[in-house]
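**Q** For reference, the structure I am asking about is given below.
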Amino acid sequence: MMRRLLLAVAFLLAAVPAFAVNPDEVLSDPALEARARALSAQLRCMVCQNQSIDDSNAELARDLRLLVRERLKNGDSDEAVIDYVVSRYGEFVLLNPRVRGETLLLWGAPLVLFLAGAAAMILFVRKRGGRPTGTPLSEAEKAELERALKRD
Amino acid sequence: MIIELGHYALVLALATVIVQFVLPLVGTIRGDRALMAVAPAAALAGFMLVLFSFSVLTFAYVVSDFSVVNVVENSHSLKPMIYKISGVWGNHEGSMMLWLLILVFFSALVATFGVNLPERLRANVLAVQGLISVAFALFILLTSNPFLPLSPAPAEGRDLHPPLLYLGYVGFSVCFSFAIAALIDGRIDAAWARWVRPWALAAWAFLTAGIAMGSYWAYYELGWGGWWFWDPVENASFIPWLAGTALLHSAIVMEKREALKIWTVLLAILTFSMSLLGTFLVRSGVLTSVHAFATDPTRGVFILGILVFFIGGALSLFAFRAATLKAGGLFAPISREGALVLNNLILTTAAATVLTGTLYPLVLEALTGEKISVGPPFFNLTFGLLMLPLLLAVPFGPLLAWKRGDVLAAGQRLFAAVGVGLVMAAVVVYLHGGGPLLAYFGIAIGFYMIAGAITDLWLRAGIGKVAGNVAFRRFVGLPGSAFGTALAHIGIGVTVIGIIAVTAFETEHVVEMKPGMQVEAGGYTLTFDGMRRGQGPNYSEESGHFTVARGGVIVDDVWSSKRLYSARRMPTTEAGIRTFGLSQLYVSLGDPMAGGGIVVRVWWKPMILCIWIGALIMMAGGAVSLFDRRLRVGAPQKLRRAKPVLEAAE
């Protein structure tokens, strides 16, 4: 843990502000390069705080970018590249977590919350449905209204 | 000596806010008016004391008083004045002082402008404000004292958006206090809503400004042209914003129709709870993120205690007392109330989704030890899907009648707005072409929202139906809240256009450049002229100079720099940015290469300014609505004051 921390600090201090893909990394095939960029945006830079490898200037991010490009050049599909990177670095590397047991609640949350809210709304409307809105005017109020209208 | 005075004032402030909490509460329980009357005086005194204490700290920074360790750690005598001052809240201790200052400032505002509030309500509101102040004053004195020799973490002291963010965060404390006061008293009426709405509006407007400024700061400072990262620190301010936006809308229903009372109270509690949670996430160091400043577990536990106490306490109180609040007006599902309920449903779901995504990795790691990341791809997808129906529904809301509306009639009135959206999308296809189909759909939605908001004003003024001068008079005479609504909705439309345009149509060029080389972006040609070394007051920098030409004619030039601050040995980028209309050319320097060139990144960011201009328009909408005479709390008070005079004349 301590070593990792020191490593991170070292990276922070050593890094000059440079970002992301350097010209020497770019693949000659634009279609392949576009795929590499899209994949890089989904992979976390492991030593940075909250950056994708596409945005990061850390040495490790560069290695990972080169790795992704290497696999793509060897004809891997996008899924195969992702699987390979996960097998080396674990699920933590994915900025877009895969749907599985542990992340079911995460991905399900928006839908479940929306449906629960909508259901509560519908129940509320049902319970109140058919009842008149507001109360009819009392005799005194009607007289008051009559007077006000006549005055106008 | 002056430092000790500041410290002493802070301790006195703690005593004062304890009084502000205890005595008025005892007063309302016993029905003792003298005790209740203590509340405003204590609130004002507390504010003066904290203000003095904060001023002393600021003074210590301005004169670089290095007897205070906090100043030594976070300031530098060479810093320009503006950074010395912003350095006060650029570190953990100072930023908590700012939090407290803004909190007691709002208490003082309630005390000053609350003269026409019902006595019990005012006493209870100020007591709750007092309790929150006690918690934060204790937190500062016990774990984060800026006047003591502590060793805080080094900090980023260069940005100015925290005060605005805090004005937003902490502003919602007033809504929270009103909600708790209503629950304590078991009573809630239109006057309550009339009071809560302006506070919610003001806090919301500040939070909007804070988030927008933070976003622009990141865009300018981080050097890779991103403007929103779904970073936990950003989310921490965005979740209260979403909840606060919902609160704003439900408070309208409560004020106008006396419906959704219980829900509004719950939302007021939740919104401030999200503000507290945001403070906890940022201040406890529980997250590791690009912006996080402070790490210290004892503080984390303390804030967690505050969090659990206030959120847990408020929700329990709500569970026990909500039933005592009488349900209000009824309405049909298709009505303006119904539309606002839909708005609330989507906004709270969105807030909960962002919250889930932010906390999920923490909770999963705590429970199973497994580490996962939840990043932009998750948020873009879920948040985007939730926003789509909301954005489409927004123009309908103001066109529906209260109680029972007609969706078809509203739809017919929006034909023109839909037309405007489609035509503008077609224009963009013609001018630009290419890009994903979805982008044009997004552009159409943005313009449809703007046109829809204008449609509402148009119909209300009766333009085309009544004579021109009558329509003009009606238009000018429209209430401020109508203009506020329209402006806020136009603002979202503008922001949507900016987001879509920059996401779909931005271009990026990463090239190694030597002097004399050129790169094309957005129809402009950049020529690299060479590098220059420079020395600032507290940094050294390397800058590259570029000439910008269009069609062979030189139109502008731009410097892009990398800086190294001598005090912190931290490299930063000062991106070169040139604005053309609403679009920007963004030039950022990278590493020097072996061949003698330097890596240059050039982005063309079409319509990017719309993102922040939209936020400004939203804020303006909030301000216009805030100054609506009919809704101003002071207005009815004048009538009441006039009355005794008449009686005296009799």
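Ordering of the structure tokens sets the chain letters (A, B, ...), residue numbers begin anew at 1 in every chain, and ligands are numbered from 1 in the order given.
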Quick one: which residues from chain A are at most 6 Å off chain B, using only C-alpha atoms, as a ChimeraX atom specification?
**A** /A:18,23,49-50,91-92,95-96,110,114,133
**Q** Give me the residues within 8 Å of Arg65 of chain A as a list in words, counting only C-alpha atoms and dropping any in the same chain fewer than 3 places off.
**A**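 The contact residues come out as Val21, Ala36, Ser40, Ile53, Asp54, Ala61, Arg62, Val68 and Arg69 of chain A.
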**Q** Since we have the selection now, will you write its residues out, keeping C-alpha atoms, as a PDB file, in the first residue's frame?
**A**
ATOM      1  CA  VAL A  21      -1.964  10.131 -26.573  1.00  0.00           C
ATOM      2  CA  ALA A  36      -8.173   2.384 -29.593  1.00  0.00           C
ATOM      3  CA  SER A  40      -8.890   4.010 -23.836  1.00  0.00           C
ATOM      4  CA  ILE A  53      -5.809   6.262 -19.701  1.00  0.00           C
ATOM      5  CA  ASP A  54      -6.863   8.421 -22.639  1.00  0.00           C
ATOM      6  CA  ALA A  61      -1.297   4.819 -18.684  1.00  0.00           C
ATOM      7  CA  ARG A  62       1.003   5.086 -21.668  1.00  0.00           C
ATOM      8  CA  VAL A  68      -4.422  -1.786 -26.183  1.00  0.00           C
ATOM      9  CA  ARG A  69      -3.041  -0.764 -29.581  1.00  0.00           C
TER      10      ARG A  69
END
**Q** To one decimal in Å, tell me the separation between atom CA of Ala488 of chain B and atom CA of Leu616 of chain B.
**A** 9.1 Å
**Q** Atom CA of Gly397 of chain B and atom CA of Leu165 of chain B are how many Å apart?
**A**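 Interatomic distance, atom CA of Gly397 of chain B to atom CA of Leu165 of chain B: 28.5 Å.
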**Q** Please indicate the distance in Å from atom CA of Ile303 of chain B to atom CA of Ile102 of chain B, rounded to one decimal place.
**A**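 Separation between atom CA of Ile303 of chain B and atom CA of Ile102 of chain B: 17.5 Å.
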**Q** Return the single residue from B:Thr507, B:Asp556, B:Ser215, B:Leu626 that is closest to Trp603 of chain B, with distances computed using only C-alpha atoms.
**A**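 Closest to Trp603 of chain B of all the choices is B:Thr507.
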**Q** Which residues, written as a list of chain:residue names, have at least one atom at most 7 Å from Leu44 of chain B, with only C-alpha atoms counted and residues fewer than 4 positions away on the same chain left out?
**A**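 With the cut-off at 7 Å, the set is B:Pro40, B:Met48, B:Ala108.
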**Q** Identify all residues of segment 494-589 of chain B in alpha helix (DSSP H) (DSSP on the backbone) and supply them as a list in words.
**A**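 Residues meeting the alpha helix (DSSP H) criterion: Val494, Thr495, Val496, Ile497, Gly498, Ile499, Ile500, Ala501, Val502, Thr503, Ala504 and Phe505 of chain B.
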**Q** Name all residues at most 8 Å from Phe396 of chain B (count only C-alpha atoms; drop same-chain ones fewer than 6 positions away) and give them as a VMD selection string.
**A** chain B and resid 339 407 410 to 411 414 452
**Q** Write the selection just made, keeping N, CA and C atoms, as an mmCIF file, in the first residue's frame?
**A**
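The new file selection-v1.cif reads:
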data_model
loop_
_atom_site.group_PDB
_atom_site.id
_atom_site.type_symbol
_atom_site.label_atom_id
_atom_site.label_comp_id
_atom_site.auth_asym_id
_atom_site.auth_seq_id
_atom_site.Cartn_x
_atom_site.Cartn_y
_atom_site.Cartn_z
ATOM 1 N N ALA B 339 -47.383 17.735 -14.077
ATOM 2 C CA ALA B 339 -46.120 17.917 -14.799
ATOM 3 C C ALA B 339 -44.983 18.151 -13.818
ATOM 4 N N VAL B 407 -53.249 17.968 -22.449
ATOM 5 C CA VAL B 407 -51.953 17.714 -23.049
ATOM 6 C C VAL B 407 -51.971 17.953 -24.555
ATOM 7 N N ALA B 410 -51.837 21.652 -25.284
ATOM 8 C CA ALA B 410 -50.475 22.136 -25.042
ATOM 9 C C ALA B 410 -49.562 21.716 -26.195
ATOM 10 N N GLY B 411 -49.752 20.463 -26.663
ATOM 11 C CA GLY B 411 -48.952 19.956 -27.768
ATOM 12 C C GLY B 411 -49.163 20.777 -29.029
ATOM 13 N N LEU B 414 -47.323 23.825 -29.080
ATOM 14 C CA LEU B 414 -45.875 23.658 -29.206
ATOM 15 C C LEU B 414 -45.438 23.268 -30.620
ATOM 16 N N GLY B 452 -39.940 26.679 -27.030
ATOM 17 C CA GLY B 452 -41.077 26.360 -26.161
ATOM 18 C C GLY B 452 -41.233 27.366 -25.036
#
**Q** Nearest residue to Leu109 of chain B out of B:Tyr430, B:Phe238, B:Tyr219, B:Trp199, using only C-alpha atoms?
**A**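 The shortest atom-to-atom distance to Leu109 of chain B comes from B:Trp199.
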